[in-house]
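This report concerns only the one structure given below.
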Amino acid sequence: RASIVLRPERLRLVNGAEDAGWNRFSGTVNDIVYQGEGVLLSVELAGGGTVFIRQPTDQRTLASLPKRGQQVEVGLHENDTLIVPESDA
């Protein structure tokens, strides 16, 4: 077993048109919190667990924000993916 280290600012909402090299996770938006210069989305993953996505507060982001309860696809680029093996200790 292993774990993936996730940074909220490295995650993003993706669609099927994204380039290769993105790890994708399906989930449902639980909550959206506006934080001034950013927006924090809470997404419950289909496989279990919750991740947080930090997006900038700009016109493009605000125009495309999903609604609570909406199904989304979360992306993490392979260059930002850090896998940590489970310790035997």
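Each chain in the structure tokens gets a letter, A, B, ..., in the order shown, and its residues are numbered from 1; ligands are numbered from 1 in order too.
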
Selection: 12 Å around Gly36 of chain A, only C-alpha atoms, excl. self and same-chain fewer than 4 positions, as an MDAnalysis selection string: chainID A and resid 40 54:58

For the residues in that selection, give me N, CA, C and O atoms as a PDB file, in the first residue's frame.
```
ATOM      1  N   LEU A  40     -11.969  27.611  -1.870  1.00  0.00           N
ATOM      2  CA  LEU A  40     -11.612  26.272  -1.425  1.00  0.00           C
ATOM      3  C   LEU A  40     -12.810  25.358  -1.631  1.00  0.00           C
ATOM      4  O   LEU A  40     -13.883  25.597  -1.094  1.00  0.00           O
ATOM      5  N   ARG A  54      -7.817  24.289  -3.956  1.00  0.00           N
ATOM      6  CA  ARG A  54      -7.730  25.747  -3.830  1.00  0.00           C
ATOM      7  C   ARG A  54      -7.573  26.342  -5.229  1.00  0.00           C
ATOM      8  O   ARG A  54      -6.664  25.982  -5.963  1.00  0.00           O
ATOM      9  N   GLN A  55      -8.503  27.224  -5.582  1.00  0.00           N
ATOM     10  CA  GLN A  55      -8.503  27.875  -6.891  1.00  0.00           C
ATOM     11  C   GLN A  55      -8.437  29.391  -6.682  1.00  0.00           C
ATOM     12  O   GLN A  55      -8.970  29.892  -5.694  1.00  0.00           O
ATOM     13  N   PRO A  56      -7.820  30.124  -7.610  1.00  0.00           N
ATOM     14  CA  PRO A  56      -7.807  31.585  -7.482  1.00  0.00           C
ATOM     15  C   PRO A  56      -9.208  32.158  -7.706  1.00  0.00           C
ATOM     16  O   PRO A  56     -10.030  31.550  -8.390  1.00  0.00           O
ATOM     17  N   THR A  57      -9.465  33.293  -7.098  1.00  0.00           N
ATOM     18  CA  THR A  57     -10.742  33.974  -7.319  1.00  0.00           C
ATOM     19  C   THR A  57     -10.554  34.925  -8.492  1.00  0.00           C
ATOM     20  O   THR A  57     -10.130  36.065  -8.331  1.00  0.00           O
ATOM     21  N   ASP A  58     -10.816  34.424  -9.696  1.00  0.00           N
ATOM     22  CA  ASP A  58     -10.770  35.255 -10.895  1.00  0.00           C
ATOM     23  C   ASP A  58     -12.028  34.982 -11.714  1.00  0.00           C
ATOM     24  O   ASP A  58     -12.798  34.068 -11.405  1.00  0.00           O
TER      25      ASP A  58
END
```

10 Å contact set for Leu11 of chain A, only C-alpha atoms, chain neighbours under 3 positions out, as a ChimeraX atom specification: /A:6-8,14,23-24,51-55,74-77,80-81

Straight-line distance linking atom CA of Thr28 of chain A with atom CA of Glu44 of chain A, stated in Å to one decimal: 5.3 Å

Sorted by chain and rising residue number, which residues of segment 5-32 of chain A lie within 12 Å of segment 60-65 of chain A, and what are their closest atom pairs and distances in Å to one decimal, counting only C-alpha atoms, as a tab-separated table?
```
residue	atom	partner	partner_atom	distance
A:Arg12	CA	A:Thr61	CA	10.5
A:Leu13	CA	A:Leu65	CA	9.1
A:Val14	CA	A:Ser64	CA	11.1
A:Asn15	CA	A:Ser64	CA	11.7
A:Val29	CA	A:Leu65	CA	10.1
A:Asp31	CA	A:Leu65	CA	11.3
A:Ile32	CA	A:Leu65	CA	8.9
```

Excluding same-chain residues fewer than 5 positions from Asn79 of chain A, what lies within 10 Å of it counting only C-alpha atoms, as a ChimeraX atom specification? /A:10,21-23

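Separating atom CA of Ser26 of chain A from atom CA of Gln59 of chain A is a distance of 24.6 Å.
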
Atom CA of Val33 of chain A to atom CA of Leu45 of chain A: how many Å, to one decimal?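 About the pair atom CA of Val33 of chain A and atom CA of Leu45 of chain A: they are 17.9 Å apart.
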
Where in chain A does DSSP assign strand (DSSP E), given as an MDAnalysis selection string? chainID A and resid 2:5 12:13 22:34 38:45 50:56 71:77 82:85

Looking at A:Asn30, A:Glu78, A:Ile4, A:Pro66, which one is nearest to Ser42 of chain A, with distances taken over only C-alpha atoms?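 Comparing A:Asn30, A:Glu78, A:Ile4, A:Pro66 against Ser42 of chain A, the winner is A:Asn30.
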